[in-house]
>>> print(open('input_13.txt').read())   # compact mmCIF, C-alpha atoms and all ligand atoms
# COMPACT_ATOMS: atom_id res chain seq x y z
CA MET A 18 131.35 -4.86 71.81
CA SER A 19 134.18 -2.40 72.60
CA ALA A 20 134.52 -0.92 76.07
CA GLN A 21 136.00 2.48 76.72
CA ARG A 22 137.24 3.98 79.99
CA ARG A 23 135.32 7.10 81.05
CA THR A 24 135.78 9.57 83.86
CA PHE A 25 132.78 10.96 85.74
CA ARG A 26 133.03 13.90 88.12
CA ILE A 27 129.91 13.67 90.27
CA MET A 28 128.64 16.25 92.75
CA ARG A 29 128.41 14.48 96.12
CA GLY A 30 126.93 15.78 99.34
CA GLY A 31 124.99 19.02 99.62
CA GLY A 32 121.37 19.19 100.68
CA PRO A 33 120.00 20.05 104.09
CA ALA A 34 121.72 17.31 106.11
CA GLY A 35 124.70 16.39 103.94
CA SER A 36 128.35 17.39 103.87
CA PRO A 37 129.26 20.42 101.72
CA ALA A 38 128.81 19.62 98.02
CA ALA A 39 132.03 18.67 96.21
CA LEU A 40 132.91 16.88 92.99
CA GLN A 41 134.27 13.33 93.30
CA THR A 42 135.88 11.45 90.46
CA TYR A 43 135.00 7.92 89.34
CA SER A 44 136.43 5.99 86.43
CA LEU A 45 134.91 2.95 84.74
CA GLU A 46 134.72 1.08 81.46
CA LEU A 47 131.48 1.34 79.48
CA ASN A 48 130.32 -0.12 76.20
CA GLU A 49 129.06 2.05 73.35
CA HIS A 50 125.39 1.57 74.34
CA ALA A 51 125.74 2.79 77.92
CA THR A 52 123.69 5.75 79.08
CA VAL A 53 124.63 8.13 81.88
CA LEU A 54 122.08 6.33 84.05
CA ASP A 55 123.76 2.97 83.29
CA ALA A 56 127.07 4.52 84.34
CA LEU A 57 125.55 5.74 87.62
CA GLU A 58 124.14 2.26 88.30
CA TRP A 59 127.59 0.69 87.80
CA ILE A 60 129.30 3.34 89.93
CA ARG A 61 126.79 2.74 92.72
CA VAL A 62 127.18 -1.04 92.53
CA GLU A 63 130.97 -1.15 92.26
CA GLN A 64 132.39 2.02 93.79
CA ALA A 65 129.92 4.19 95.73
CA PRO A 66 127.02 2.29 97.34
CA ASP A 67 125.80 5.48 99.01
CA LEU A 68 125.52 7.46 95.74
CA MET A 69 122.06 9.08 95.50
CA TYR A 70 120.20 9.81 92.26
CA ARG A 71 116.59 9.38 91.19
CA HIS A 72 115.34 7.07 88.46
CA SER A 73 112.53 4.69 87.74
CA CYS A 74 111.60 3.82 84.17
CA HIS A 75 115.00 3.92 82.37
CA HIS A 76 113.24 5.00 79.17
CA GLY A 77 112.30 8.67 79.38
CA SER A 78 108.79 8.43 80.71
CA CYS A 79 108.90 8.88 84.50
CA GLY A 80 110.77 12.21 84.47
CA THR A 81 112.81 11.48 87.59
CA CYS A 82 116.40 11.25 86.30
CA GLY A 83 116.93 14.87 85.22
CA MET A 84 120.35 16.29 86.07
CA MET A 85 122.98 18.67 84.74
CA ILE A 86 125.21 16.70 82.41
CA ASN A 87 128.25 18.75 81.43
CA GLY A 88 126.28 21.84 82.42
CA LYS A 89 123.15 21.05 80.37
CA PRO A 90 119.82 19.76 81.76
CA LYS A 91 119.18 16.26 80.39
CA LEU A 92 117.57 12.96 81.30
CA ALA A 93 120.34 10.56 82.39
CA CYS A 94 118.45 7.57 80.97
CA LEU A 95 118.23 9.04 77.46
CA THR A 96 121.77 10.40 77.30
CA LYS A 97 124.23 8.02 75.71
CA VAL A 98 127.71 8.46 77.10
CA ASP A 99 129.18 7.96 73.61
CA ASN A 100 127.22 10.97 72.33
CA LEU A 101 128.81 13.36 74.84
CA ALA A 102 131.60 15.45 73.37
CA SER A 103 133.92 14.97 76.33
CA ASN A 104 135.47 11.88 77.90
CA ASP A 105 135.38 13.73 81.20
CA ILE A 106 131.72 13.92 82.22
CA LYS A 107 130.48 16.25 84.95
CA LEU A 108 127.19 15.40 86.71
CA GLU A 109 125.44 17.85 89.02
CA PRO A 110 121.91 18.14 90.46
CA LEU A 111 119.35 19.92 88.32
CA VAL A 112 119.53 23.67 88.88
CA GLY A 113 116.46 25.59 90.01
CA MET A 114 115.20 22.82 92.28
CA GLU A 115 116.01 22.27 95.94
CA PRO A 116 119.05 19.96 96.24
CA LEU A 117 118.56 17.10 98.68
CA GLY A 118 122.02 15.52 98.41
CA ASP A 119 124.24 14.14 95.62
CA LEU A 120 122.20 14.26 92.38
CA VAL A 121 118.77 14.28 94.01
CA VAL A 122 116.51 17.34 93.89
CA SER A 123 113.08 17.84 95.37
CA PRO A 124 110.22 17.92 92.84
CA VAL A 125 107.81 19.35 95.42
CA ALA A 126 107.99 23.02 94.34
CA LEU A 127 107.46 22.09 90.68
CA MET A 128 104.61 19.69 91.36
CA SER A 129 102.80 22.05 93.67
CA ALA A 130 103.04 24.91 91.14
CA TYR A 131 101.00 23.00 88.54
CA PRO A 132 97.48 24.37 88.10
CA ASP A 133 94.83 23.03 90.46
CA ASN A 134 92.70 20.24 89.01
CA SER A 135 95.06 19.69 86.05
CA GLY A 136 93.97 16.81 83.89
CA TYR A 137 96.86 14.48 83.15
CA ILE A 138 94.83 12.59 80.56
CA ARG A 139 93.95 13.76 77.08
CA GLU A 140 92.44 12.41 73.89
CA SER A 141 94.87 10.18 72.02
CA GLU A 142 95.88 11.23 68.53
CA VAL A 143 96.44 7.61 67.46
CA ASN A 144 94.05 4.68 66.94
CA ASN A 145 91.27 7.03 65.89
CA ASP A 146 90.14 4.64 63.15
CA ALA A 147 90.36 1.54 65.35
CA PRO A 148 87.12 -0.05 66.61
CA ARG A 149 86.39 1.39 70.04
CA PRO A 150 84.86 -0.56 72.93
CA GLN A 151 81.38 0.78 73.70
CA ALA A 152 82.40 1.81 77.19
CA LEU A 153 84.96 4.28 75.80
CA SER A 154 83.92 7.60 74.32
CA GLN A 155 87.48 8.11 73.04
CA PHE A 156 90.96 6.61 73.30
CA GLU A 157 92.99 8.47 75.88
CA ARG A 158 96.63 8.87 76.79
CA PHE A 159 98.73 10.76 79.30
CA GLU A 160 99.81 14.31 78.54
CA ASN A 161 103.30 14.62 77.04
CA CYS A 162 104.78 16.47 80.01
CA ILE A 163 106.62 14.09 82.35
CA GLU A 164 107.30 16.80 84.98
CA CYS A 165 111.05 16.32 84.68
CA GLY A 166 111.90 19.99 85.32
CA LEU A 167 114.51 20.23 82.53
CA CYS A 168 112.74 23.26 81.05
CA MET A 169 112.81 25.03 84.42
CA ALA A 170 116.56 24.34 84.73
CA ALA A 171 117.25 25.64 81.20
CA CYS A 172 115.17 28.82 81.57
CA PRO A 173 117.44 31.89 81.90
CA VAL A 174 114.86 34.02 83.75
CA ASP A 175 116.22 34.64 87.23
CA GLU A 176 113.27 36.47 88.71
CA GLU A 177 110.17 34.97 90.33
CA PHE A 178 108.60 33.04 87.43
CA GLN A 179 106.00 30.30 87.27
CA GLY A 180 108.18 28.77 84.57
CA PRO A 181 107.69 26.93 81.30
CA ALA A 182 106.27 23.62 82.56
CA VAL A 183 103.60 25.29 84.66
CA LEU A 184 102.61 27.80 81.96
CA ALA A 185 102.44 25.01 79.38
CA ALA A 186 100.12 23.13 81.74
CA LEU A 187 97.94 26.24 82.07
CA ASN A 188 97.62 26.48 78.30
CA ARG A 189 96.68 22.81 78.02
CA GLU A 190 94.03 23.35 80.67
CA LEU A 191 92.70 26.34 78.72
CA ALA A 192 92.26 24.15 75.63
CA LYS A 193 90.60 21.33 77.56
CA THR A 194 88.42 23.39 79.91
CA PRO A 195 87.43 26.66 78.18
CA GLU A 196 84.94 27.24 80.99
CA ARG A 197 87.94 27.95 83.25
CA ARG A 198 89.23 30.67 80.90
CA ALA A 199 89.01 33.61 83.32
CA GLU A 200 90.76 31.73 86.14
CA ILE A 201 93.50 30.36 83.85
CA LEU A 202 94.22 33.67 82.10
CA HIS A 203 94.32 35.40 85.47
CA ALA A 204 97.03 32.95 86.60
CA ALA A 205 98.95 33.28 83.32
CA GLY A 206 98.86 37.08 83.41
CA ARG A 207 100.21 37.43 86.96
CA PRO A 208 103.52 39.33 87.40
CA ASP A 209 105.32 35.96 87.59
CA GLY A 210 103.47 34.68 84.50
CA VAL A 211 103.90 34.78 80.73
CA TYR A 212 105.20 38.35 80.52
CA ARG A 213 108.28 37.36 82.48
CA CYS A 214 109.30 34.97 79.70
CA ALA A 215 112.50 36.19 77.99
CA ARG A 216 111.68 34.24 74.79
CA ALA A 217 115.02 32.45 74.90
CA LEU A 218 113.30 29.20 73.74
CA GLU A 219 115.70 27.11 75.84
CA CYS A 220 112.73 25.31 77.41
CA SER A 221 111.57 23.96 74.07
CA ARG A 222 115.13 22.95 73.11
CA VAL A 223 115.68 20.79 76.19
CA CYS A 224 112.21 19.28 76.61
CA PRO A 225 112.60 15.52 76.05
CA THR A 226 108.94 14.93 75.19
CA ALA A 227 108.22 17.68 72.65
CA VAL A 228 105.92 19.72 74.87
CA TYR A 229 107.35 22.93 73.30
CA PRO A 230 106.58 25.05 76.39
CA ALA A 231 107.62 28.27 74.61
CA LYS A 232 104.83 27.75 72.07
CA HIS A 233 102.30 27.40 74.91
CA ILE A 234 103.60 30.60 76.53
CA MET A 235 103.20 32.48 73.23
CA GLU A 236 99.66 31.13 72.84
CA LEU A 237 98.74 32.29 76.34
CA ARG A 238 100.15 35.76 75.58
CA LYS A 239 97.96 35.94 72.48
CA GLU A 240 94.90 34.96 74.51
CA LEU A 241 95.71 37.62 77.09
CA GLU A 242 96.14 40.22 74.34
CA LYS A 243 92.75 39.24 72.88
CA GLU A 244 91.19 39.78 76.30
CA SER A 245 92.73 43.22 76.79
CA SER A 246 91.87 44.41 73.25
CA ALA A 247 88.24 43.32 73.82
CA LYS A 248 87.97 45.60 76.89
S1 LIG B 301 107.57 20.70 79.65
FE1 LIG B 301 109.09 19.19 78.93
S2 LIG B 301 111.01 19.77 79.98
FE2 LIG B 301 109.32 20.80 81.06
S3 LIG B 301 108.76 19.46 82.77
FE3 LIG B 301 107.40 18.92 81.03
S4 LIG B 301 108.50 17.26 79.93
FE4 LIG B 301 110.01 18.21 81.30
S1 LIG B 302 114.51 7.03 84.51
FE1 LIG B 302 112.49 7.65 83.92
S2 LIG B 302 112.84 9.40 82.66
FE2 LIG B 302 114.82 8.67 83.13
>>> encode(input="input_13.txt", output="structure tokens")
Amino acid sequence: MSAQRRTFRIMRGGGPAGSPAALQTYSLELNEHATVLDALEWIRVEQAPDLMYRHSCHHGSCGTCGMMINGKPKLACLTKVDNLASNDIKLEPLVGMEPLGDLVVSPVALMSAYPDNSGYIRESEVNNDAPRPQALSQFERFENCIECGLCMAACPVDEEFQGPAVLAALNRELAKTPERRAEILHAAGRPDGVYRCARALECSRVCPTAVYPAKHIMELRKELEKESSAK
């Protein structure tokens, strides 16, 4: 297994109580399998015990390790260092979310913008032919969205905007609870709703779990157009 020396420039400080944000440089050897999150773990253990970043699952399902990696929103746990074009890797907190210090951002604004009573469970598309225990009416799974906020960071709209993750959640709710149609379309059609989308498609490009938020936004627009042509 060959190790290669890498340089990381990491935004330290910032946030409400911290020192002014500034890049600090760390250098370490990593093997070809290392992810950016692995690198952060080593830097914290060996060089910067006070380095702050969020993580939990290490495999792209908790949504906590989003950050700007060489200027692009990515999950640190799914980004292999070897796959980055540069040997000099810049890490900054995710844009569009309140910085709390080092690489940590607050998910509160994103989480609280999700539609009320969102269902995080949906019917599973696999195992449909498998024998089902009597107690279950269907096999279920979690929704694809892991609330990582990458789509919000990638979105170029710089006006008040509910944003791709929230609008995608609204469209999912519309499919699952058609009885809430009026309420959901009202939310989607607000001034900060689907019509503010610039159709840049960046949200769908960066989403690590194939939610395709731009597709959901387009579907909501179509539903809103149906409503206004029926009036
Ligand atoms: S839609 Fe995709 S990119 Fe946006 S928060 Fe959900 S998982 Fe993350
Ligand atoms: S650590 Fe859970 S998504 Fe990266």
>>> residues_near_ligand(input="input_13.txt", ligand="ligand LIG 302 (chain B)", cutoff="7 Å", atoms="all atoms listed in the file", output="mmCIF file with C-alpha atoms, in the frame of the given file")
data_model
loop_
_atom_site.group_PDB
_atom_site.id
_atom_site.type_symbol
_atom_site.label_atom_id
_atom_site.label_comp_id
_atom_site.auth_asym_id
_atom_site.auth_seq_id
_atom_site.Cartn_x
_atom_site.Cartn_y
_atom_site.Cartn_z
ATOM 1 C CA HIS A 72 115.340 7.070 88.460
ATOM 2 C CA SER A 73 112.530 4.690 87.740
ATOM 3 C CA CYS A 74 111.600 3.820 84.170
ATOM 4 C CA HIS A 75 115.000 3.920 82.370
ATOM 5 C CA HIS A 76 113.240 5.000 79.170
ATOM 6 C CA GLY A 77 112.300 8.670 79.380
ATOM 7 C CA SER A 78 108.790 8.430 80.710
ATOM 8 C CA CYS A 79 108.900 8.880 84.500
ATOM 9 C CA GLY A 80 110.770 12.210 84.470
ATOM 10 C CA THR A 81 112.810 11.480 87.590
ATOM 11 C CA CYS A 82 116.400 11.250 86.300
ATOM 12 C CA GLY A 83 116.930 14.870 85.220
ATOM 13 C CA LEU A 92 117.570 12.960 81.300
ATOM 14 C CA ALA A 93 120.340 10.560 82.390
ATOM 15 C CA CYS A 94 118.450 7.570 80.970
ATOM 16 C CA LEU A 95 118.230 9.040 77.460
#
>>> residues_near_ligand(input="input_13.txt", ligand="ligand LIG 301 (chain B)", cutoff="10 Å", atoms="all atoms listed in the file", output="JSON, numbers by chain")
{"A": [77, 78, 79, 80, 81, 83, 90, 91, 92, 127, 128, 160, 161, 162, 163, 164, 165, 166, 167, 168, 169, 170, 171, 172, 180, 181, 182, 183, 184, 185, 186, 219, 220, 221, 222, 223, 224, 225, 226, 227, 228, 229, 230, 231, 233]}
>>> write_last_selection(input="input_13.txt", atoms="C-alpha atoms", output="PDB file, in the frame of the given file")
ATOM      1  CA  GLY A  77     112.300   8.670  79.380  1.00  0.00           C
ATOM      2  CA  SER A  78     108.790   8.430  80.710  1.00  0.00           C
ATOM      3  CA  CYS A  79     108.900   8.880  84.500  1.00  0.00           C
ATOM      4  CA  GLY A  80     110.770  12.210  84.470  1.00  0.00           C
ATOM      5  CA  THR A  81     112.810  11.480  87.590  1.00  0.00           C
ATOM      6  CA  GLY A  83     116.930  14.870  85.220  1.00  0.00           C
ATOM      7  CA  PRO A  90     119.820  19.760  81.760  1.00  0.00           C
ATOM      8  CA  LYS A  91     119.180  16.260  80.390  1.00  0.00           C
ATOM      9  CA  LEU A  92     117.570  12.960  81.300  1.00  0.00           C
ATOM     10  CA  LEU A 127     107.460  22.090  90.680  1.00  0.00           C
ATOM     11  CA  MET A 128     104.610  19.690  91.360  1.00  0.00           C
ATOM     12  CA  GLU A 160      99.810  14.310  78.540  1.00  0.00           C
ATOM     13  CA  ASN A 161     103.300  14.620  77.040  1.00  0.00           C
ATOM     14  CA  CYS A 162     104.780  16.470  80.010  1.00  0.00           C
ATOM     15  CA  ILE A 163     106.620  14.090  82.350  1.00  0.00           C
ATOM     16  CA  GLU A 164     107.300  16.800  84.980  1.00  0.00           C
ATOM     17  CA  CYS A 165     111.050  16.320  84.680  1.00  0.00           C
ATOM     18  CA  GLY A 166     111.900  19.990  85.320  1.00  0.00           C
ATOM     19  CA  LEU A 167     114.510  20.230  82.530  1.00  0.00           C
ATOM     20  CA  CYS A 168     112.740  23.260  81.050  1.00  0.00           C
ATOM     21  CA  MET A 169     112.810  25.030  84.420  1.00  0.00           C
ATOM     22  CA  ALA A 170     116.560  24.340  84.730  1.00  0.00           C
ATOM     23  CA  ALA A 171     117.250  25.640  81.200  1.00  0.00           C
ATOM     24  CA  CYS A 172     115.170  28.820  81.570  1.00  0.00           C
ATOM     25  CA  GLY A 180     108.180  28.770  84.570  1.00  0.00           C
ATOM     26  CA  PRO A 181     107.690  26.930  81.300  1.00  0.00           C
ATOM     27  CA  ALA A 182     106.270  23.620  82.560  1.00  0.00           C
ATOM     28  CA  VAL A 183     103.600  25.290  84.660  1.00  0.00           C
ATOM     29  CA  LEU A 184     102.610  27.800  81.960  1.00  0.00           C
ATOM     30  CA  ALA A 185     102.440  25.010  79.380  1.00  0.00           C
ATOM     31  CA  ALA A 186     100.120  23.130  81.740  1.00  0.00           C
ATOM     32  CA  GLU A 219     115.700  27.110  75.840  1.00  0.00           C
ATOM     33  CA  CYS A 220     112.730  25.310  77.410  1.00  0.00           C
ATOM     34  CA  SER A 221     111.570  23.960  74.070  1.00  0.00           C
ATOM     35  CA  ARG A 222     115.130  22.950  73.110  1.00  0.00           C
ATOM     36  CA  VAL A 223     115.680  20.790  76.190  1.00  0.00           C
ATOM     37  CA  CYS A 224     112.210  19.280  76.610  1.00  0.00           C
ATOM     38  CA  PRO A 225     112.600  15.520  76.050  1.00  0.00           C
ATOM     39  CA  THR A 226     108.940  14.930  75.190  1.00  0.00           C
ATOM     40  CA  ALA A 227     108.220  17.680  72.650  1.00  0.00           C
ATOM     41  CA  VAL A 228     105.920  19.720  74.870  1.00  0.00           C
ATOM     42  CA  TYR A 229     107.350  22.930  73.300  1.00  0.00           C
ATOM     43  CA  PRO A 230     106.580  25.050  76.390  1.00  0.00           C
ATOM     44  CA  ALA A 231     107.620  28.270  74.610  1.00  0.00           C
ATOM     45  CA  HIS A 233     102.300  27.400  74.910  1.00  0.00           C
TER      46      HIS A 233
END
>>> closest_residue(input="input_13.txt", among="A:Ala199, A:Ala130, A:Leu40, A:Ile86", to="A:Asn100", atoms="only C-alpha atoms")
A:Ile86
>>> atom_distance(input="input_13.txt", atom1="atom CA of A:Arg23", atom2="atom CA of A:Tyr43")
8.3 Å
>>> residues_near_point(input="input_13.txt", point="(97.5, 37.0, 76.4)", cutoff="12 Å", atoms="all atoms listed in the file", output="MDAnalysis selection string")
chainID A and resid 184 188 191 198:199 201:207 210:212 233:247
>>> residues_around(input="input_13.txt", residues="A:Ser44", least_positions_apart="5", cutoff="8 Å", atoms="all atoms listed in the file", output="list in words")
Arg22, Arg23, Thr24 and Phe25 of chain A
>>> write_last_selection(input="input_13.txt", atoms="C-alpha atoms", output="short mmCIF file (atom, residue, chain, number, x, y, z; two decimals), in the coordinates of the input")
data_model
loop_
_atom_site.label_atom_id
_atom_site.label_comp_id
_atom_site.auth_asym_id
_atom_site.auth_seq_id
_atom_site.Cartn_x
_atom_site.Cartn_y
_atom_site.Cartn_z
CA ARG A 22 137.24 3.98 79.99
CA ARG A 23 135.32 7.10 81.05
CA THR A 24 135.78 9.57 83.86
CA PHE A 25 132.78 10.96 85.74
#
>>> closest_residue(input="input_13.txt", among="A:Lys107, A:Gln179, A:Arg26, A:Thr42", to="A:Ser129", atoms="all atoms listed in the file")
A:Gln179
>>> decode(input="input_13.txt", residues="stretch 45-81 of chain A", atoms="C-alpha atoms", output="PDB file, in the first residue's frame")
ATOM      1  CA  LEU A  45       0.320  14.169   6.336  1.00  0.00           C
ATOM      2  CA  GLU A  46       0.855  10.887   4.532  1.00  0.00           C
ATOM      3  CA  LEU A  47      -2.233   9.007   3.355  1.00  0.00           C
ATOM      4  CA  ASN A  48      -2.739   5.742   1.539  1.00  0.00           C
ATOM      5  CA  GLU A  49      -4.698   5.508  -1.714  1.00  0.00           C
ATOM      6  CA  HIS A  50      -7.938   4.503   0.066  1.00  0.00           C
ATOM      7  CA  ALA A  51      -8.086   7.492   2.411  1.00  0.00           C
ATOM      8  CA  THR A  52     -11.099   9.779   2.312  1.00  0.00           C
ATOM      9  CA  VAL A  53     -11.124  13.440   3.296  1.00  0.00           C
ATOM     10  CA  LEU A  54     -12.847  12.385   6.523  1.00  0.00           C
ATOM     11  CA  ASP A  55     -10.037   9.877   7.239  1.00  0.00           C
ATOM     12  CA  ALA A  56      -7.546  12.706   6.717  1.00  0.00           C
ATOM     13  CA  LEU A  57      -9.431  14.929   9.168  1.00  0.00           C
ATOM     14  CA  GLU A  58      -9.454  12.128  11.749  1.00  0.00           C
ATOM     15  CA  TRP A  59      -5.670  11.726  11.452  1.00  0.00           C
ATOM     16  CA  ILE A  60      -5.071  15.479  11.596  1.00  0.00           C
ATOM     17  CA  ARG A  61      -7.202  15.709  14.734  1.00  0.00           C
ATOM     18  CA  VAL A  62      -5.443  12.771  16.395  1.00  0.00           C
ATOM     19  CA  GLU A  63      -1.880  13.739  15.485  1.00  0.00           C
ATOM     20  CA  GLN A  64      -1.745  17.489  14.927  1.00  0.00           C
ATOM     21  CA  ALA A  65      -4.856  19.451  15.948  1.00  0.00           C
ATOM     22  CA  PRO A  66      -6.857  17.903  18.817  1.00  0.00           C
ATOM     23  CA  ASP A  67      -9.193  20.909  18.868  1.00  0.00           C
ATOM     24  CA  LEU A  68     -10.153  20.623  15.169  1.00  0.00           C
ATOM     25  CA  MET A  69     -13.965  20.667  14.818  1.00  0.00           C
ATOM     26  CA  TYR A  70     -15.945  18.912  12.079  1.00  0.00           C
ATOM     27  CA  ARG A  71     -19.129  16.863  12.084  1.00  0.00           C
ATOM     28  CA  HIS A  72     -19.413  13.199  11.173  1.00  0.00           C
ATOM     29  CA  SER A  73     -21.142  10.057  12.291  1.00  0.00           C
ATOM     30  CA  CYS A  74     -21.655   7.165   9.894  1.00  0.00           C
ATOM     31  CA  HIS A  75     -18.516   7.364   7.674  1.00  0.00           C
ATOM     32  CA  HIS A  76     -20.531   5.931   4.765  1.00  0.00           C
ATOM     33  CA  GLY A  77     -22.760   8.619   3.290  1.00  0.00           C
ATOM     34  CA  SER A  78     -25.943   8.034   5.214  1.00  0.00           C
ATOM     35  CA  CYS A  79     -26.035  10.456   8.164  1.00  0.00           C
ATOM     36  CA  GLY A  80     -25.530  13.640   6.108  1.00  0.00           C
ATOM     37  CA  THR A  81     -23.391  15.387   8.719  1.00  0.00           C
TER      38      THR A  81
END
